[in-house]
file my_file_11.csv (CSV, C-alpha atoms)
chain,number,residue,atom,x,y,z
J,1170,MET,CA,32.6,-40.6,-29.1
J,1171,LEU,CA,31.7,-37.1,-28.1
J,1172,SER,CA,29.6,-36.5,-31.3
J,1173,GLN,CA,27.6,-39.7,-30.6
J,1174,ALA,CA,26.9,-38.4,-27.1
J,1175,ARG,CA,25.7,-35.1,-28.5
J,1176,HIS,CA,23.6,-37.0,-31.0
J,1177,SER,CA,22.0,-39.0,-28.2
J,1178,ALA,CA,21.4,-35.9,-26.1
J,1179,TYR,CA,19.8,-34.2,-29.1
J,1180,TRP,CA,17.3,-37.0,-29.5
J,1181,LEU,CA,16.5,-37.1,-25.8
J,1182,ILE,CA,15.6,-33.4,-26.0
J,1183,VAL,CA,13.6,-33.7,-29.2
J,1184,LEU,CA,11.8,-36.9,-28.4
J,1185,PRO,CA,9.1,-35.5,-26.0
J,1186,ALA,CA,8.2,-32.8,-28.5
J,1187,LEU,CA,8.0,-35.4,-31.3
J,1188,LEU,CA,5.8,-37.7,-29.2
J,1189,MET,CA,3.5,-34.8,-28.4
J,1190,LEU,CA,3.3,-33.9,-32.1
J,1191,VAL,CA,2.4,-37.4,-33.0
J,1192,VAL,CA,-0.2,-37.8,-30.2
J,1193,PHE,CA,-1.9,-34.5,-30.4
J,1194,TYR,CA,-1.6,-33.8,-34.2
J,1195,PHE,CA,-1.1,-36.9,-36.3
J,1196,VAL,CA,-3.4,-39.3,-34.4
J,1197,PRO,CA,-6.4,-37.0,-34.6
J,1198,LEU,CA,-5.6,-36.1,-38.2
J,1199,GLY,CA,-5.4,-39.9,-39.0
J,1200,LYS,CA,-8.8,-40.4,-37.4
J,1201,VAL,CA,-10.3,-37.7,-39.4
J,1202,LEU,CA,-8.8,-39.0,-42.6
J,1203,LEU,CA,-10.0,-42.6,-41.7
J,1204,THR,CA,-13.5,-41.3,-41.0
J,1205,SER,CA,-13.6,-39.5,-44.3
J,1206,VAL,CA,-13.2,-42.7,-46.3
J,1207,THR,CA,-15.2,-45.0,-44.0
J,1208,ASP,CA,-18.3,-43.1,-42.9
J,1209,PRO,CA,-21.1,-43.7,-43.7
J,1210,LYS,CA,-19.8,-46.5,-45.9
J,1211,PRO,CA,-16.3,-47.4,-47.1
J,1212,GLY,CA,-15.1,-45.7,-50.2
J,1213,LEU,CA,-14.6,-42.3,-51.7
J,1214,GLY,CA,-18.3,-41.4,-52.0
J,1215,THR,CA,-18.0,-38.6,-49.4
J,1216,THR,CA,-15.1,-37.1,-51.3
J,1217,ALA,CA,-17.0,-37.3,-54.5
J,1218,LEU,CA,-19.7,-35.0,-52.9
J,1219,LEU,CA,-17.1,-32.2,-52.9
J,1220,PHE,CA,-17.1,-32.2,-56.7
J,1221,THR,CA,-20.8,-32.8,-57.3
J,1222,SER,CA,-22.7,-31.0,-54.6
J,1223,SER,CA,-24.0,-27.5,-55.5
J,1224,SER,CA,-24.1,-26.4,-51.9
J,1225,VAL,CA,-20.4,-27.2,-51.5
J,1226,HIS,CA,-19.6,-25.3,-54.7
J,1227,ARG,CA,-21.6,-22.2,-53.5
J,1228,THR,CA,-19.8,-22.4,-50.2
J,1229,LEU,CA,-16.3,-22.6,-51.8
J,1230,ILE,CA,-17.1,-19.8,-54.2
J,1231,THR,CA,-18.4,-17.6,-51.4
J,1232,THR,CA,-15.3,-18.3,-49.3
J,1233,LEU,CA,-12.9,-17.6,-52.2
J,1234,ARG,CA,-14.8,-14.4,-53.0
J,1235,ILE,CA,-14.6,-13.2,-49.4
J,1236,ALA,CA,-10.8,-14.1,-49.3
J,1237,ALA,CA,-10.1,-12.2,-52.5
J,1238,ILE,CA,-12.0,-9.1,-51.3
J,1239,THR,CA,-10.3,-9.2,-47.9
J,1240,THR,CA,-6.9,-9.6,-49.5
J,1241,PHE,CA,-7.5,-6.7,-52.0
J,1242,VAL,CA,-8.7,-4.4,-49.2
J,1243,ALA,CA,-5.8,-5.3,-46.9
J,1244,LEU,CA,-3.3,-4.8,-49.8
J,1245,LEU,CA,-4.9,-1.5,-50.7
J,1246,LEU,CA,-4.9,-0.1,-47.1
J,1247,GLY,CA,-1.4,-1.4,-46.5
J,1248,TYR,CA,-0.1,0.3,-49.6
J,1249,VAL,CA,-1.8,3.6,-48.7
J,1250,VAL,CA,-0.4,3.5,-45.2
J,1251,ALA,CA,3.1,2.5,-46.4
J,1252,TYR,CA,3.1,5.3,-49.0
J,1253,ALA,CA,1.9,7.8,-46.5
J,1254,MET,CA,4.6,6.7,-44.0
J,1255,ARG,CA,7.3,6.9,-46.7
J,1256,ALA,CA,6.3,10.4,-47.7
J,1257,ALA,CA,6.0,11.7,-44.1
J,1258,THR,CA,8.6,13.3,-42.0
J,1259,SER,CA,10.7,11.3,-39.5
J,1260,ARG,CA,8.6,12.3,-36.5
J,1261,ARG,CA,5.3,11.5,-38.3
J,1262,GLN,CA,6.7,8.2,-39.5
J,1263,ARG,CA,7.4,7.2,-35.8
J,1264,LEU,CA,3.8,8.3,-34.9
J,1265,MET,CA,2.3,6.3,-37.8
J,1266,LEU,CA,4.4,3.2,-36.9
J,1267,PHE,CA,3.2,3.5,-33.3
J,1268,ALA,CA,-0.4,3.8,-34.6
J,1269,VAL,CA,0.1,0.6,-36.7
J,1270,LEU,CA,1.7,-1.4,-33.9
J,1271,LEU,CA,-0.6,-0.3,-31.1
J,1272,PRO,CA,-3.4,-2.8,-31.9
J,1273,PHE,CA,-0.9,-5.7,-31.7
J,1274,TRP,CA,0.3,-4.5,-28.3
J,1275,ILE,CA,-3.3,-4.1,-27.0
J,1276,SER,CA,-4.0,-7.7,-28.1
J,1277,VAL,CA,-1.0,-8.9,-26.1
J,1278,LEU,CA,-2.1,-6.9,-23.1
J,1279,VAL,CA,-5.7,-8.1,-23.1
J,1280,ARG,CA,-4.5,-11.7,-23.4
J,1281,SER,CA,-2.0,-11.2,-20.5
J,1282,PHE,CA,-4.7,-9.7,-18.3
J,1283,ALA,CA,-7.1,-12.5,-19.1
J,1284,TRP,CA,-4.5,-15.1,-18.1
J,1285,ILE,CA,-3.8,-13.1,-14.9
J,1286,ALA,CA,-7.6,-13.1,-14.2
J,1287,LEU,CA,-7.9,-16.8,-14.8
J,1288,LEU,CA,-4.8,-17.9,-13.0
J,1289,GLY,CA,-4.8,-15.3,-10.2
J,1290,THR,CA,-5.2,-16.3,-6.5
J,1291,GLN,CA,-8.9,-15.4,-6.7
J,1292,GLY,CA,-9.4,-16.6,-10.3
J,1293,PRO,CA,-11.7,-19.5,-11.3
J,1294,VAL,CA,-8.9,-22.0,-11.7
J,1295,ASN,CA,-7.4,-21.5,-8.2
J,1296,ARG,CA,-10.8,-21.3,-6.6
J,1297,ARG,CA,-11.7,-24.7,-8.1
J,1298,TRP,CA,-8.4,-26.2,-6.9
J,1299,SER,CA,-8.7,-24.7,-3.4
J,1300,ALA,CA,-12.2,-26.2,-3.0
J,1301,TRP,CA,-10.8,-29.7,-3.6
J,1302,ALA,CA,-8.0,-29.3,-1.1
call {"tool": "encode", "arguments": {"input": "my_file_11.csv", "output": "structure tokens"}}
result
Amino acid sequence: MLSQARHSAYWLIVLPALLMLVVFYFVPLGKVLLTSVTDPKPGLGTTALLFTSSSVHRTLITTLRIAAITTFVALLLGYVVAYAMRAATSRRQRLMLFAVLLPFWISVLVRSFAWIALLGTQGPVNRRWSAWA
């Protein structure tokens, strides 16, 4: 009996998230897929353009080329930094790790300050709501 109560409680907790996933992800995705086979006329004609259009081929090739170059450069730079960190002294390793992680921290700080500016007492969100009250 206790396990059935736990099972029910589990589904009560998961159900809102599941409903949001369906409403905000699967419904729009279904609409896009439906539009892809019905607009401008029913069938797979739009999908066939992916394989026959030269502009789509050029776009895909350009995208793949940029992705490959970016991946290669990121791997090369990452390997160089990792090798330099491995060969450095303990103190320098900590400094290099700090230099690698600093941009991530700055990103979080900038995002946090942006939220504070938007949601602060004098921010645009609260100014709009106070005008309605």
call {"tool": "atom_distance", "arguments": {"input": "my_file_11.csv", "atom1": "atom CA of Pro1185 of chain J", "atom2": "atom CA of Leu1203 of chain J"}}
result
25.7 Å
call {"tool": "atom_distance", "arguments": {"input": "my_file_11.csv", "atom1": "atom CA of Ala1268 of chain J", "atom2": "atom CA of Ile1238 of chain J"}}
result
24.1 Å
call {"tool": "closest_residue", "arguments": {"input": "my_file_11.csv", "among": "J:Ala1286, J:Val1269, J:Val1279, J:Val1242", "to": "Met1254 of chain J", "atoms": "only C-alpha atoms"}}
result
J:Val1269
call {"tool": "closest_residue", "arguments": {"input": "my_file_11.csv", "among": "J:Ala1217, J:Met1265, J:Val1206, J:Thr1228", "to": "Val1250 of chain J", "atoms": "only C-alpha atoms"}}
result
J:Met1265
call {"tool": "axis_aligned_box", "arguments": {"input": "my_file_11.csv", "around": "segment 1245-1260 of chain J", "padding_each_side": "3 Å", "output": "JSON"}}
result
{"center_x": 2.9, "center_y": 5.9, "center_z": -43.6, "size_x": 21.6, "size_y": 20.8, "size_z": 20.2}
call {"tool": "atom_distance", "arguments": {"input": "my_file_11.csv", "atom1": "atom CA of Gly1247 of chain J", "atom2": "atom CA of Arg1261 of chain J"}}
result
16.7 Å
call {"tool": "build_atoms", "arguments": {"input": "my_file_11.csv", "residues": "segment 1233-1252 of chain J", "atoms": "N, CA, C and O atoms", "output": "mmCIF file, in the coordinates of the input"}}
result
data_model
loop_
_atom_site.group_PDB
_atom_site.id
_atom_site.type_symbol
_atom_site.label_atom_id
_atom_site.label_comp_id
_atom_site.auth_asym_id
_atom_site.auth_seq_id
_atom_site.Cartn_x
_atom_site.Cartn_y
_atom_site.Cartn_z
ATOM 1 N N LEU J 1233 -13.962 -18.164 -51.355
ATOM 2 C CA LEU J 1233 -12.900 -17.600 -52.200
ATOM 3 C C LEU J 1233 -13.164 -16.128 -52.516
ATOM 4 O O LEU J 1233 -12.223 -15.325 -52.553
ATOM 5 N N ARG J 1234 -14.428 -15.766 -52.727
ATOM 6 C CA ARG J 1234 -14.800 -14.400 -53.000
ATOM 7 C C ARG J 1234 -14.446 -13.480 -51.799
ATOM 8 O O ARG J 1234 -13.835 -12.417 -51.932
ATOM 9 N N ILE J 1235 -14.837 -13.931 -50.595
ATOM 10 C CA ILE J 1235 -14.600 -13.200 -49.400
ATOM 11 C C ILE J 1235 -13.039 -13.051 -49.167
ATOM 12 O O ILE J 1235 -12.528 -11.991 -48.805
ATOM 13 N N ALA J 1236 -12.309 -14.144 -49.407
ATOM 14 C CA ALA J 1236 -10.800 -14.100 -49.300
ATOM 15 C C ALA J 1236 -10.215 -13.141 -50.235
ATOM 16 O O ALA J 1236 -9.299 -12.396 -49.879
ATOM 17 N N ALA J 1237 -10.697 -13.126 -51.472
ATOM 18 C CA ALA J 1237 -10.100 -12.200 -52.500
ATOM 19 C C ALA J 1237 -10.429 -10.761 -52.137
ATOM 20 O O ALA J 1237 -9.538 -9.902 -52.239
ATOM 21 N N ILE J 1238 -11.652 -10.472 -51.715
ATOM 22 C CA ILE J 1238 -12.000 -9.100 -51.300
ATOM 23 C C ILE J 1238 -11.190 -8.642 -50.141
ATOM 24 O O ILE J 1238 -10.653 -7.533 -50.119
ATOM 25 N N THR J 1239 -11.067 -9.506 -49.144
ATOM 26 C CA THR J 1239 -10.300 -9.200 -47.900
ATOM 27 C C THR J 1239 -8.842 -8.930 -48.286
ATOM 28 O O THR J 1239 -8.218 -7.976 -47.799
ATOM 29 N N THR J 1240 -8.278 -9.768 -49.134
ATOM 30 C CA THR J 1240 -6.900 -9.600 -49.500
ATOM 31 C C THR J 1240 -6.694 -8.293 -50.282
ATOM 32 O O THR J 1240 -5.738 -7.549 -50.024
ATOM 33 N N PHE J 1241 -7.606 -7.979 -51.202
ATOM 34 C CA PHE J 1241 -7.500 -6.700 -52.000
ATOM 35 C C PHE J 1241 -7.581 -5.523 -51.068
ATOM 36 O O PHE J 1241 -6.771 -4.596 -51.178
ATOM 37 N N VAL J 1242 -8.535 -5.511 -50.152
ATOM 38 C CA VAL J 1242 -8.700 -4.400 -49.200
ATOM 39 C C VAL J 1242 -7.474 -4.220 -48.333
ATOM 40 O O VAL J 1242 -6.973 -3.114 -48.111
ATOM 41 N N ALA J 1243 -6.963 -5.342 -47.814
ATOM 42 C CA ALA J 1243 -5.800 -5.300 -46.900
ATOM 43 C C ALA J 1243 -4.569 -4.770 -47.710
ATOM 44 O O ALA J 1243 -3.799 -3.948 -47.187
ATOM 45 N N LEU J 1244 -4.385 -5.244 -48.943
ATOM 46 C CA LEU J 1244 -3.300 -4.800 -49.800
ATOM 47 C C LEU J 1244 -3.418 -3.271 -50.069
ATOM 48 O O LEU J 1244 -2.446 -2.511 -50.002
ATOM 49 N N LEU J 1245 -4.610 -2.853 -50.407
ATOM 50 C CA LEU J 1245 -4.900 -1.500 -50.700
ATOM 51 C C LEU J 1245 -4.581 -0.564 -49.513
ATOM 52 O O LEU J 1245 -3.855 0.436 -49.609
ATOM 53 N N LEU J 1246 -5.128 -0.935 -48.348
ATOM 54 C CA LEU J 1246 -4.900 -0.100 -47.100
ATOM 55 C C LEU J 1246 -3.439 -0.159 -46.734
ATOM 56 O O LEU J 1246 -2.888 0.864 -46.319
ATOM 57 N N GLY J 1247 -2.804 -1.317 -46.835
ATOM 58 C CA GLY J 1247 -1.400 -1.400 -46.500
ATOM 59 C C GLY J 1247 -0.531 -0.553 -47.401
ATOM 60 O O GLY J 1247 0.408 0.110 -46.946
ATOM 61 N N TYR J 1248 -0.845 -0.544 -48.681
ATOM 62 C CA TYR J 1248 -0.100 0.300 -49.600
ATOM 63 C C TYR J 1248 -0.265 1.755 -49.315
ATOM 64 O O TYR J 1248 0.706 2.518 -49.322
ATOM 65 N N VAL J 1249 -1.493 2.162 -49.030
ATOM 66 C CA VAL J 1249 -1.800 3.600 -48.700
ATOM 67 C C VAL J 1249 -1.007 3.995 -47.470
ATOM 68 O O VAL J 1249 -0.369 5.060 -47.436
ATOM 69 N N VAL J 1250 -1.058 3.172 -46.430
ATOM 70 C CA VAL J 1250 -0.400 3.500 -45.200
ATOM 71 C C VAL J 1250 1.152 3.526 -45.420
ATOM 72 O O VAL J 1250 1.850 4.430 -44.956
ATOM 73 N N ALA J 1251 1.681 2.553 -46.145
ATOM 74 C CA ALA J 1251 3.100 2.500 -46.400
ATOM 75 C C ALA J 1251 3.550 3.731 -47.237
ATOM 76 O O ALA J 1251 4.605 4.327 -46.972
ATOM 77 N N TYR J 1252 2.753 4.101 -48.221
ATOM 78 C CA TYR J 1252 3.100 5.300 -49.000
ATOM 79 C C TYR J 1252 3.057 6.540 -48.200
ATOM 80 O O TYR J 1252 3.938 7.396 -48.316
#
